[in-house]
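Structure data follow from coords36.txt (compact mmCIF, C-alpha atoms and all ligand atoms):
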```txt
# COMPACT_ATOMS: atom_id res chain seq x y z
CA MET A 1 -13.35 -3.15 -12.68
CA SER A 2 -14.75 -3.80 -9.20
CA ALA A 3 -18.34 -2.73 -8.56
CA PHE A 4 -18.00 -0.02 -5.95
CA THR A 5 -21.75 0.50 -5.74
CA ARG A 6 -23.93 2.33 -3.22
CA ASP A 7 -25.06 -0.88 -1.57
CA ALA A 8 -21.59 -2.49 -1.31
CA SER A 9 -20.29 -2.95 2.25
CA ILE A 10 -17.39 -0.55 2.74
CA PHE A 11 -15.08 -0.34 5.76
CA VAL A 12 -13.55 3.07 6.39
CA ALA A 13 -10.67 2.41 8.81
CA GLY A 14 -9.73 5.52 10.80
CA HIS A 15 -13.12 7.21 10.24
CA ARG A 16 -12.63 9.80 12.99
CA GLY A 17 -9.39 11.12 11.49
CA LEU A 18 -8.83 13.90 8.96
CA VAL A 19 -8.85 11.58 5.94
CA GLY A 20 -11.27 8.93 7.20
CA SER A 21 -13.89 11.48 8.25
CA ALA A 22 -13.66 13.21 4.84
CA ILE A 23 -14.08 9.85 3.06
CA LEU A 24 -17.05 8.90 5.22
CA ARG A 25 -18.66 12.32 4.74
CA ARG A 26 -18.25 11.95 0.98
CA LEU A 27 -19.60 8.37 0.87
CA ARG A 28 -22.63 9.39 2.92
CA ARG A 29 -23.25 12.41 0.70
CA GLU A 30 -23.22 10.17 -2.38
CA GLY A 31 -25.76 7.81 -0.82
CA TYR A 32 -23.54 4.85 0.06
CA ARG A 33 -25.60 3.07 2.68
CA ASN A 34 -23.64 0.04 3.88
CA LEU A 35 -20.75 1.74 5.64
CA LEU A 36 -18.74 -0.02 8.34
CA VAL A 37 -16.73 1.84 10.97
CA ALA A 38 -15.09 0.91 14.27
CA THR A 39 -13.59 3.23 16.82
CA ARG A 40 -10.13 2.60 18.22
CA GLU A 41 -11.82 1.60 21.49
CA GLU A 42 -14.00 -0.96 19.68
CA LEU A 43 -11.22 -2.37 17.50
CA ASP A 44 -7.52 -1.73 18.03
CA LEU A 45 -6.24 -2.17 14.50
CA ARG A 46 -2.81 -3.23 15.83
CA ASP A 47 -4.38 -6.36 17.33
CA GLN A 48 -4.09 -9.04 14.70
CA ALA A 49 -6.52 -11.53 16.27
CA ALA A 50 -9.17 -8.87 16.88
CA VAL A 51 -8.83 -7.49 13.35
CA HIS A 52 -9.03 -10.99 11.87
CA ASP A 53 -12.19 -11.78 13.84
CA TRP A 54 -13.78 -8.43 12.96
CA PHE A 55 -13.20 -8.97 9.23
CA GLN A 56 -14.52 -12.54 9.37
CA ASP A 57 -17.61 -11.27 11.17
CA GLN A 58 -18.31 -8.09 9.19
CA ARG A 59 -17.10 -9.24 5.75
CA PRO A 60 -16.56 -5.85 4.10
CA ALA A 61 -16.34 -5.98 0.31
CA PHE A 62 -14.22 -2.81 0.13
CA VAL A 63 -11.72 -1.21 2.52
CA LEU A 64 -10.33 2.33 2.64
CA LEU A 65 -7.39 2.18 5.03
CA ALA A 66 -7.07 5.66 6.53
CA ALA A 67 -6.01 4.61 10.05
CA GLY A 68 -2.55 5.19 11.41
CA THR A 69 -0.35 7.13 13.78
CA VAL A 70 0.20 10.44 12.01
CA GLY A 71 1.81 13.73 13.01
CA GLY A 72 4.21 16.55 12.25
CA ILE A 73 7.96 16.90 12.75
CA LEU A 74 7.80 17.17 16.56
CA ALA A 75 5.64 14.07 16.99
CA ASN A 76 7.72 12.10 14.49
CA THR A 77 11.03 12.96 16.12
CA THR A 78 9.92 12.43 19.74
CA ARG A 79 7.79 9.27 19.25
CA PRO A 80 9.63 7.25 16.57
CA ALA A 81 8.81 3.88 18.16
CA GLU A 82 5.07 4.58 18.09
CA PHE A 83 5.25 5.81 14.51
CA ILE A 84 6.99 2.70 13.24
CA TYR A 85 5.27 0.09 15.45
CA ASP A 86 1.68 1.34 15.21
CA ASN A 87 1.78 1.85 11.47
CA LEU A 88 3.55 -1.43 10.70
CA MET A 89 1.03 -3.31 12.81
CA ILE A 90 -2.09 -1.53 11.49
CA HIS A 91 -1.05 -2.02 7.87
CA ALA A 92 -0.12 -5.67 8.34
CA THR A 93 -3.21 -6.69 10.31
CA VAL A 94 -5.69 -4.93 7.99
CA VAL A 95 -4.09 -5.99 4.71
CA HIS A 96 -3.75 -9.61 5.84
CA ALA A 97 -7.30 -9.79 7.23
CA ALA A 98 -8.61 -8.19 4.02
CA HIS A 99 -6.87 -10.91 2.04
CA LEU A 100 -8.17 -13.75 4.24
CA SER A 101 -11.75 -12.45 4.14
CA ARG A 102 -11.57 -11.93 0.35
CA VAL A 103 -12.06 -8.19 0.30
CA ARG A 104 -12.64 -7.22 -3.34
CA LYS A 105 -10.61 -4.04 -3.25
CA LEU A 106 -8.57 -2.12 -0.69
CA LEU A 107 -7.20 1.40 -0.92
CA TYR A 108 -4.08 2.03 1.15
CA LEU A 109 -2.98 5.58 1.92
CA GLY A 110 0.72 6.21 1.51
CA SER A 111 2.11 9.73 1.78
CA SER A 112 4.32 12.20 -0.05
CA CYS A 113 6.53 12.23 3.10
CA ILE A 114 7.85 8.79 2.27
CA TYR A 115 9.67 9.73 -0.92
CA PRO A 116 13.45 10.26 -0.63
CA ARG A 117 14.58 13.60 0.73
CA GLU A 118 16.38 14.47 -2.50
CA ALA A 119 13.72 13.11 -4.87
CA PRO A 120 13.40 14.94 -8.20
CA GLN A 121 10.72 17.65 -8.18
CA PRO A 122 7.90 17.30 -8.96
CA ILE A 123 8.15 13.82 -7.46
CA PRO A 124 7.09 10.96 -9.75
CA GLU A 125 5.75 7.70 -8.30
CA SER A 126 8.92 5.98 -9.59
CA ALA A 127 11.04 7.94 -7.05
CA LEU A 128 9.94 5.67 -4.19
CA LEU A 129 12.96 3.93 -2.60
CA SER A 130 15.40 5.67 -4.95
CA GLY A 131 17.39 7.41 -2.19
CA PRO A 132 17.79 8.16 1.54
CA LEU A 133 14.70 9.28 3.47
CA GLU A 134 14.14 12.58 5.26
CA ALA A 135 15.57 12.04 8.77
CA THR A 136 12.74 13.81 10.61
CA ASN A 137 10.16 11.20 9.59
CA GLU A 138 12.26 8.17 8.75
CA TYR A 139 10.49 5.69 11.05
CA TYR A 140 7.04 6.70 9.84
CA ALA A 141 8.24 6.51 6.24
CA VAL A 142 9.70 3.01 6.66
CA ALA A 143 6.36 1.77 8.03
CA LYS A 144 4.37 3.51 5.28
CA ILE A 145 6.65 2.09 2.58
CA ALA A 146 6.11 -1.36 4.13
CA GLY A 147 2.35 -0.75 3.74
CA ILE A 148 2.77 -0.06 0.04
CA LYS A 149 4.94 -3.12 -0.38
CA LEU A 150 2.38 -5.23 1.51
CA CYS A 151 -0.32 -4.26 -1.00
CA ASP A 152 2.11 -4.94 -3.80
CA ALA A 153 3.10 -8.37 -2.44
CA TYR A 154 -0.52 -9.51 -1.91
CA ARG A 155 -1.30 -8.31 -5.42
CA LYS A 156 1.65 -10.30 -6.84
CA GLN A 157 1.20 -13.50 -4.83
CA TYR A 158 -2.60 -13.68 -4.48
CA GLY A 159 -3.91 -11.38 -7.22
CA ALA A 160 -5.46 -9.11 -4.56
CA ASN A 161 -6.85 -5.79 -5.86
CA PHE A 162 -5.05 -3.69 -3.25
CA ILE A 163 -4.14 -0.23 -4.54
CA SER A 164 -2.14 2.63 -3.01
CA ALA A 165 -2.59 6.40 -3.11
CA MET A 166 0.16 8.89 -2.21
CA PRO A 167 -1.47 12.10 -0.95
CA THR A 168 0.46 15.31 -0.52
CA ASN A 169 0.18 17.34 2.74
CA LEU A 170 -3.47 17.48 3.75
CA TYR A 171 -5.60 19.85 5.80
CA GLY A 172 -9.29 20.40 6.48
CA PRO A 173 -12.07 19.85 9.02
CA GLY A 174 -11.35 17.02 11.44
CA ASP A 175 -7.64 17.80 11.50
CA ASN A 176 -5.51 17.41 14.62
CA PHE A 177 -4.97 20.80 16.30
CA GLU A 178 -2.85 19.54 19.20
CA PRO A 179 0.44 21.50 19.11
CA GLU A 180 2.53 18.48 20.10
CA GLN A 181 1.18 16.25 17.35
CA THR A 182 0.14 18.28 14.42
CA HIS A 183 1.08 19.43 10.90
CA VAL A 184 1.89 22.92 9.69
CA ILE A 185 -1.57 24.27 8.68
CA PRO A 186 -3.48 23.26 11.84
CA ALA A 187 -0.48 24.21 14.02
CA LEU A 188 -0.30 27.71 12.53
CA MET A 189 -4.08 28.07 12.45
CA ARG A 190 -4.26 27.46 16.18
CA ARG A 191 -1.25 29.69 16.87
CA PHE A 192 -2.72 32.63 14.91
CA HIS A 193 -6.12 32.11 16.54
CA GLU A 194 -4.68 32.08 20.06
CA ALA A 195 -2.49 35.10 19.30
CA LYS A 196 -5.57 36.99 18.10
CA LEU A 197 -7.51 36.09 21.27
CA ARG A 198 -4.61 37.19 23.47
CA GLY A 199 -3.99 40.34 21.42
CA ASP A 200 -0.42 39.26 20.59
CA LEU A 201 1.04 41.01 17.58
CA SER A 202 3.70 38.47 16.72
CA VAL A 203 3.38 34.81 15.77
CA THR A 204 6.29 32.38 15.60
CA VAL A 205 6.66 30.11 12.61
CA TRP A 206 8.95 27.07 12.87
CA GLY A 207 12.08 27.05 10.71
CA SER A 208 13.30 29.49 8.08
CA GLY A 209 10.00 29.77 6.19
CA ARG A 210 11.86 28.79 3.01
CA PRO A 211 10.78 25.15 2.48
CA ARG A 212 8.22 24.79 -0.26
CA ARG A 213 5.14 22.62 0.20
CA GLU A 214 2.03 21.53 -1.62
CA PHE A 215 -1.33 21.22 0.17
CA LEU A 216 -4.59 19.47 -0.63
CA HIS A 217 -7.94 19.78 1.12
CA ALA A 218 -9.10 16.48 2.69
CA ASP A 219 -12.39 16.73 0.77
CA ASP A 220 -10.45 16.79 -2.50
CA LEU A 221 -8.50 13.75 -1.31
CA ALA A 222 -11.76 11.95 -0.46
CA ASP A 223 -12.96 12.74 -3.97
CA ALA A 224 -9.74 11.26 -5.40
CA CYS A 225 -10.06 8.13 -3.20
CA LEU A 226 -13.57 7.45 -4.52
CA PHE A 227 -12.33 8.11 -8.04
CA LEU A 228 -9.59 5.48 -7.60
CA MET A 229 -12.01 2.99 -6.04
CA LYS A 230 -14.22 3.33 -9.09
CA HIS A 231 -11.68 3.68 -11.89
CA TYR A 232 -8.23 2.35 -10.96
CA ASP A 233 -7.02 -1.21 -10.46
CA GLY A 234 -3.34 -0.70 -11.28
CA GLY A 235 -0.21 -1.74 -9.42
CA SER A 236 1.55 1.64 -9.25
CA ALA A 237 0.90 3.88 -6.26
CA VAL A 238 -0.89 7.04 -7.44
CA ASN A 239 0.23 10.53 -6.40
CA ILE A 240 -2.56 12.90 -5.35
CA GLY A 241 -1.64 16.55 -5.13
CA SER A 242 -2.97 20.00 -5.93
CA GLY A 243 -0.06 20.74 -8.28
CA GLU A 244 0.60 24.08 -6.55
CA GLU A 245 3.45 24.72 -4.14
CA LEU A 246 4.25 27.69 -1.97
CA SER A 247 6.79 28.55 0.71
CA ILE A 248 5.95 28.15 4.39
CA ARG A 249 6.40 31.94 4.59
CA SER A 250 3.69 32.47 1.95
CA LEU A 251 1.45 29.92 3.64
CA ALA A 252 1.86 31.71 6.98
CA ALA A 253 1.02 35.00 5.27
CA ILE A 254 -2.29 33.54 3.98
CA LEU A 255 -3.13 32.19 7.44
CA ALA A 256 -2.30 35.56 9.00
CA ASP A 257 -4.48 37.33 6.46
CA VAL A 258 -7.44 35.00 7.11
CA ILE A 259 -7.11 34.81 10.91
CA HIS A 260 -5.07 37.67 12.38
CA PRO A 261 -4.00 40.25 9.79
CA ARG A 262 -2.26 42.49 12.35
CA ALA A 263 0.20 39.74 13.33
CA GLU A 264 3.88 39.98 12.38
CA LEU A 265 5.61 36.72 11.44
CA GLU A 266 8.74 35.64 13.31
CA PHE A 267 10.79 32.68 12.11
CA ASP A 268 12.41 30.36 14.67
CA ARG A 269 15.46 29.15 12.74
CA GLU A 270 16.46 26.84 15.61
CA LYS A 271 13.60 24.56 14.60
CA PRO A 272 14.07 22.04 11.77
CA ASP A 273 12.86 22.83 8.26
CA GLY A 274 12.31 19.25 7.08
CA THR A 275 12.56 18.45 3.37
CA PRO A 276 13.44 21.61 1.37
CA ARG A 277 10.83 21.05 -1.31
CA LYS A 278 7.96 18.62 -1.74
CA LEU A 279 5.74 18.76 -4.79
CA LEU A 280 4.11 15.67 -6.25
CA ASP A 281 3.94 14.90 -9.93
CA SER A 282 0.22 14.07 -10.09
CA SER A 283 0.08 13.59 -13.84
CA LEU A 284 -0.96 9.91 -13.55
CA ILE A 285 -4.27 10.70 -11.79
CA ARG A 286 -4.76 13.89 -13.86
CA GLU A 287 -4.47 11.85 -17.05
CA MET A 288 -7.12 9.49 -15.71
CA GLY A 289 -9.45 12.50 -15.47
CA TRP A 290 -9.32 13.58 -11.81
CA GLN A 291 -8.52 17.09 -10.61
CA PRO A 292 -8.82 18.97 -7.30
CA ARG A 293 -11.49 21.63 -6.81
CA ILE A 294 -10.73 23.52 -3.60
CA ALA A 295 -8.31 26.46 -3.82
CA LEU A 296 -5.91 26.82 -0.86
CA ARG A 297 -7.22 30.11 0.48
CA GLU A 298 -10.84 28.99 0.19
CA GLY A 299 -9.96 25.71 1.96
CA ILE A 300 -8.14 27.56 4.74
CA GLU A 301 -11.11 29.90 5.23
CA SER A 302 -13.62 27.05 5.51
CA THR A 303 -11.32 25.01 7.76
CA TYR A 304 -10.89 28.04 10.03
CA SER A 305 -14.69 28.42 10.24
CA TRP A 306 -14.91 24.75 11.26
CA PHE A 307 -12.14 25.24 13.83
CA LYS A 308 -13.74 28.35 15.34
CA GLU A 309 -17.13 26.68 15.70
CA ARG A 310 -15.65 23.85 17.71
CA TYR A 311 -13.04 25.67 19.71
CA PRO A 312 -14.24 29.25 19.95
CA ALA A 313 -12.59 30.09 23.25
CA CYS A 314 -9.49 28.02 22.60
CA ASP A 315 -9.55 27.22 26.30
CA GLY A 316 -7.15 24.30 26.36
CA ASP A 317 -9.77 21.68 25.52
CA LEU A 318 -8.60 21.25 21.99
CA ALA A 319 -8.55 17.48 21.90
CA ARG A 320 -9.06 16.97 18.22
CA GLY A 321 -12.59 16.20 17.15
CA ALA A 322 -13.86 16.44 20.71
CA ALA A 323 -17.34 16.76 19.22
CA GLN A 324 -17.07 14.08 16.58
CA ARG A 325 -15.17 11.49 18.59
CA THR A 326 -17.90 11.03 21.15
CA ASP A 327 -20.10 9.55 18.44
CA SER A 328 -18.62 6.98 16.13
CA SER A 329 -21.56 7.19 13.75
CA SER A 330 -21.22 10.89 13.09
CA PRO A 331 -17.83 11.97 11.81
CA ALA A 332 -16.73 15.56 11.44
CA ALA A 333 -19.61 17.77 10.43
CA PRO A 334 -19.35 19.21 6.94
N1 LIG B 1 -2.61 14.27 7.29
C1 LIG B 1 -1.84 14.34 6.22
O1 LIG B 1 -1.32 15.42 5.85
C2 LIG B 1 -1.56 13.11 5.38
C3 LIG B 1 -0.83 13.26 4.21
C4 LIG B 1 -0.56 12.15 3.43
C5 LIG B 1 -1.02 10.91 3.83
N2 LIG B 1 -1.73 10.78 4.97
C6 LIG B 1 -2.16 9.41 5.34
O2 LIG B 1 -3.55 9.34 5.49
C7 LIG B 1 -3.87 8.41 6.52
C8 LIG B 1 -4.78 9.07 7.54
O3 LIG B 1 -4.13 10.23 8.06
P1 LIG B 1 -4.94 11.34 8.89
O4 LIG B 1 -4.22 12.61 8.69
O5 LIG B 1 -6.38 11.23 8.62
O6 LIG B 1 -4.63 10.84 10.36
P2 LIG B 1 -5.47 11.14 11.68
O7 LIG B 1 -6.32 12.33 11.48
O8 LIG B 1 -4.52 11.11 12.80
O9 LIG B 1 -6.43 9.88 11.77
C9 LIG B 1 -5.93 8.61 11.99
C10 LIG B 1 -7.07 7.70 12.36
O10 LIG B 1 -6.52 6.41 12.64
C11 LIG B 1 -7.13 5.92 13.80
N3 LIG B 1 -6.22 5.02 14.51
C12 LIG B 1 -4.94 5.26 14.86
N4 LIG B 1 -4.45 4.21 15.51
C13 LIG B 1 -5.45 3.28 15.59
C14 LIG B 1 -5.56 1.99 16.16
N5 LIG B 1 -4.52 1.42 16.80
N6 LIG B 1 -6.74 1.34 16.05
C15 LIG B 1 -7.79 1.91 15.42
N7 LIG B 1 -7.75 3.13 14.85
C16 LIG B 1 -6.59 3.82 14.94
C17 LIG B 1 -7.38 7.15 14.64
O11 LIG B 1 -8.35 6.82 15.59
P3 LIG B 1 -8.79 7.83 16.78
O12 LIG B 1 -9.80 8.71 16.12
O13 LIG B 1 -9.36 6.96 17.79
O14 LIG B 1 -7.56 8.56 17.20
C18 LIG B 1 -7.83 8.14 13.60
O15 LIG B 1 -9.21 8.01 13.34
C19 LIG B 1 -2.54 7.94 7.12
O16 LIG B 1 -2.20 6.71 6.54
C20 LIG B 1 -1.56 8.99 6.67
O17 LIG B 1 -0.28 8.47 6.51
C21 LIG B 1 -2.03 11.85 5.76
```
Kindly transcribe the structure held in the file into C-alpha cells.
Ligand SMILES: NC(=O)c1ccc[n+]([C@@H]2O[C@H](COP(=O)([O-])OP(=O)(O)OC[C@H]3O[C@@H](n4cnc5c(N)ncnc54)[C@H](OP(=O)(O)O)[C@@H]3O)[C@@H](O)[C@H]2O)c1
Amino acid sequence: MSAFTRDASIFVAGHRGLVGSAILRRLRREGYRNLLVATREELDLRDQAAVHDWFQDQRPAFVLLAAGTVGGILANTTRPAEFIYDNLMIHATVVHAAHLSRVRKLLYLGSSCIYPREAPQPIPESALLSGPLEATNEYYAVAKIAGIKLCDAYRKQYGANFISAMPTNLYGPGDNFEPEQTHVIPALMRRFHEAKLRGDLSVTVWGSGRPRREFLHADDLADACLFLMKHYDGGSAVNIGSGEELSIRSLAAILADVIHPRAELEFDREKPDGTPRKLLDSSLIREMGWQPRIALREGIESTYSWFKERYPACDGDLARGAAQRTDSSSPAAP
C-alpha cells in the first residue's frame, strides 16, 4: 500500500472547485503539510507541455484529479464541445504527466452520470459501458469514461497505481451557483433564496419532479477520497454514494422547507428530466469500511448557511467562489 503520509507531496488538481476545495480542506484539517495547488490561470491543465513541465518541476508523489469542466443539463446540452474537449485534454495531460514523473498514486474522479441511461438500479461498477448513455450528458460522459480507461491502460501497461472513484451527485460549500452552469441542489437553492428575497410565492422546478436521485455532501466525498488513497489500490472504479435516493419533488420540498417554506412548487414539464433514476450500488466501498456521515437535510442547511454568508443580497455577483477564487491558497472556508 502506498504511504499517503502527512509529509508526502500531494497535488490537488481543481482545488477551487466543489470537490477539490473539500479535499484540500480535509487534507489541511488532518495536518497534511506538503500540498500543491495551481490555479487555472497559473496552469491550464489542457496544455500538455505546461502540465508536463509543472509535474517535472514540482514532482508530486500523489495526485487527486478533481479538475474538469462540470455542469448540469443546460450547460451539458449547450456546450458539448467544451465538455468533451476540456475533459479529454485535462485527463490525458494529467494522467500522462503523472506517469512520466513517476507519481506513486493518482485518484481520478469519474461520475455516476457516466453509467448507461438504463443501467440496473442500484448501479454496480460493472454497468460501465454496458449500454447507451443518457443523451443530455453524452459528451461529458464519453470524456469521463476515457479518463477511467486512461487510468486503466496506464495501470495495465506500466503498472501505475492510478485508481478511479465514481461519486454520485454532489453538493456542498464551494458549489457553482451560476444558473446557466449548475446542478440541481445549487440551482434550486439559489432560486428559493431569490424568491424569498423578492417575496415570490412560487418557485419553478425543472422537469416533472419524478426522477429519483442520490446526493452526497462534498465533505463526505473528500473523506472517501482520502480513505481510497490510504486503503485501496485496486483496478475497479469505486462507487461512492449515500445509498439514499429521493425524487426531485421531495428534494425541492426539503429546500423549500429550509429556505422559503411559504413557496409553492411549480414543475416546468417542458424542461428535460434526464435519467429517470440514478442510485449507486456503493457496497464495494462500504465493505471496505467507509460510510458517509452527513444527512441530506443537515448538509443542505449547512450549505445554505455557507451560501447566505457569501451572497447575502444575491445581487447578481454570484460568480462561484468569488471569495475563495481570489486566493489560491485558501479554498472554500469550512
Ligand atoms: N459536482 C458533482 O456533482 C460531481 C459528481 C460526480 C463527479 N464529479 C467529478 O468531480 C470532479 C470535480 O467536479 P466539481 O463539481 O468539483 O467541479 P467544479 O466545482 O466545477 O470544479 C472544477 C475545477 O476544475 C478546475 N478547472 C477546470 N478547467 C481547468 C483547466 N483547464 N485548467 C485548470 N483547472 C481547471 C476549475 O478551476 P477554476 O476554479 O479556475 O474554475 C475548478 O477548480 C469532476 O471530475 C467531476 O466530473 C462531480
- Of the residues A:Pro173, A:Pro122, A:Pro261, A:Pro116, which is the one nearest to Glu138 of chain A, using all atoms listed in the file? A:Pro116
- Residues within 8 Å of ligand LIG 1 (chain B) (only C-alpha atoms and all ligand atoms), as an MDAnalysis selection string? chainID A and resid 13:21 38:41 43:47 65:71 86:87 90 108:113 144 166:171 174:176 183 325
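Here atom CA of Asn239 of chain A and atom CA of Gly299 of chain A stand 20.1 Å from one another.
Atom CA of Ala141 of chain A lies 28.7 Å from atom CA of Phe307 of chain A.
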So that each row is one residue of segment 30-100 of chain A with an atom at most 10 Å from segment 219-236 of chain A, can you give its shortest atom pair and the distance in Å to one decimal, using only C-alpha atoms, rows by chain and rising number, as JSON lines?
```
{"residue": "A:Phe62", "atom": "CA", "partner": "A:Met229", "partner_atom": "CA", "distance": 8.8}
{"residue": "A:Val63", "atom": "CA", "partner": "A:Met229", "partner_atom": "CA", "distance": 9.5}
{"residue": "A:Leu64", "atom": "CA", "partner": "A:Cys225", "partner_atom": "CA", "distance": 8.2}
```
- Proximity to Thr78 of chain A - best of A:Asn137, A:Ala187, A:Asp281, A:Leu36, all atoms listed in the file: A:Asn137
- Message: I'd like the contact shell of Gly207 of chain A - 12 Å cut-off, only C-alpha atoms, skipping same-chain residues fewer than 5 positions apart - returned as a PyMOL selection string.
- Response: chain A and resi 73+184+212+247-249+252+265-276
- Message: For a test of reading the model, state the distance in Å between atom CA of Arg28 of chain A and atom CA of Ser283 of chain A, rounded to one decimal.
- Response: 28.5 Å
- Message: I need the residue nearest Pro186 of chain A from this list: A:Leu284, A:Leu251, A:Ala97, A:Val51. Use all atoms listed in the file for the distance.
- Response: A:Leu251
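Closest approach to Leu255 of chain A from the set A:Ser302, A:Gln121, A:Ser242, A:Gln58 is made by A:Ser302, with distances taken over all atoms listed in the file.
Closest approach to Val203 of chain A among A:Ile300, A:Leu27, A:Ala8, A:Ala253: A:Ala253, based on only C-alpha atoms.
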- Query: Around (-5.5, 21.4, -2.8) in the file's own coordinates, what residues are found within 6 Å if you use all atoms listed in the file, given back as a PyMOL selection string?
  - Reply: chain A and resi 215-217+242+294-296
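Across A:Ala195, A:Ala75, A:Ala143, A:Val12, the tightest approach to Pro179 of chain A is made by A:Ala75 when counting all atoms listed in the file.
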Residues of segment 79-124 of chain A that approach segment 133-136 of chain A to 12 Å or less, counting only C-alpha atoms: could you list each one with the shortest pair of atoms and its distance in Å to one decimal, rows by chain and increasing residue number, as a tab-separated table?
```
residue	atom	partner	partner_atom	distance
A:Arg79	CA	A:Thr136	CA	10.9
A:Pro80	CA	A:Thr136	CA	9.4
A:Phe83	CA	A:Thr136	CA	11.6
A:Ser112	CA	A:Glu134	CA	11.2
A:Cys113	CA	A:Glu134	CA	7.9
A:Ile114	CA	A:Leu133	CA	7.0
A:Tyr115	CA	A:Leu133	CA	6.7
A:Pro116	CA	A:Leu133	CA	4.4
A:Arg117	CA	A:Glu134	CA	4.7
A:Glu118	CA	A:Leu133	CA	8.1
A:Ala119	CA	A:Leu133	CA	9.2
```
- Residue neighbourhood Leu35 of chain A, 7 Å, only C-alpha atoms, exclusion window fewer than 5 positions, as a list of chain:residue names: A:Ser9, A:Ile10, A:Phe11
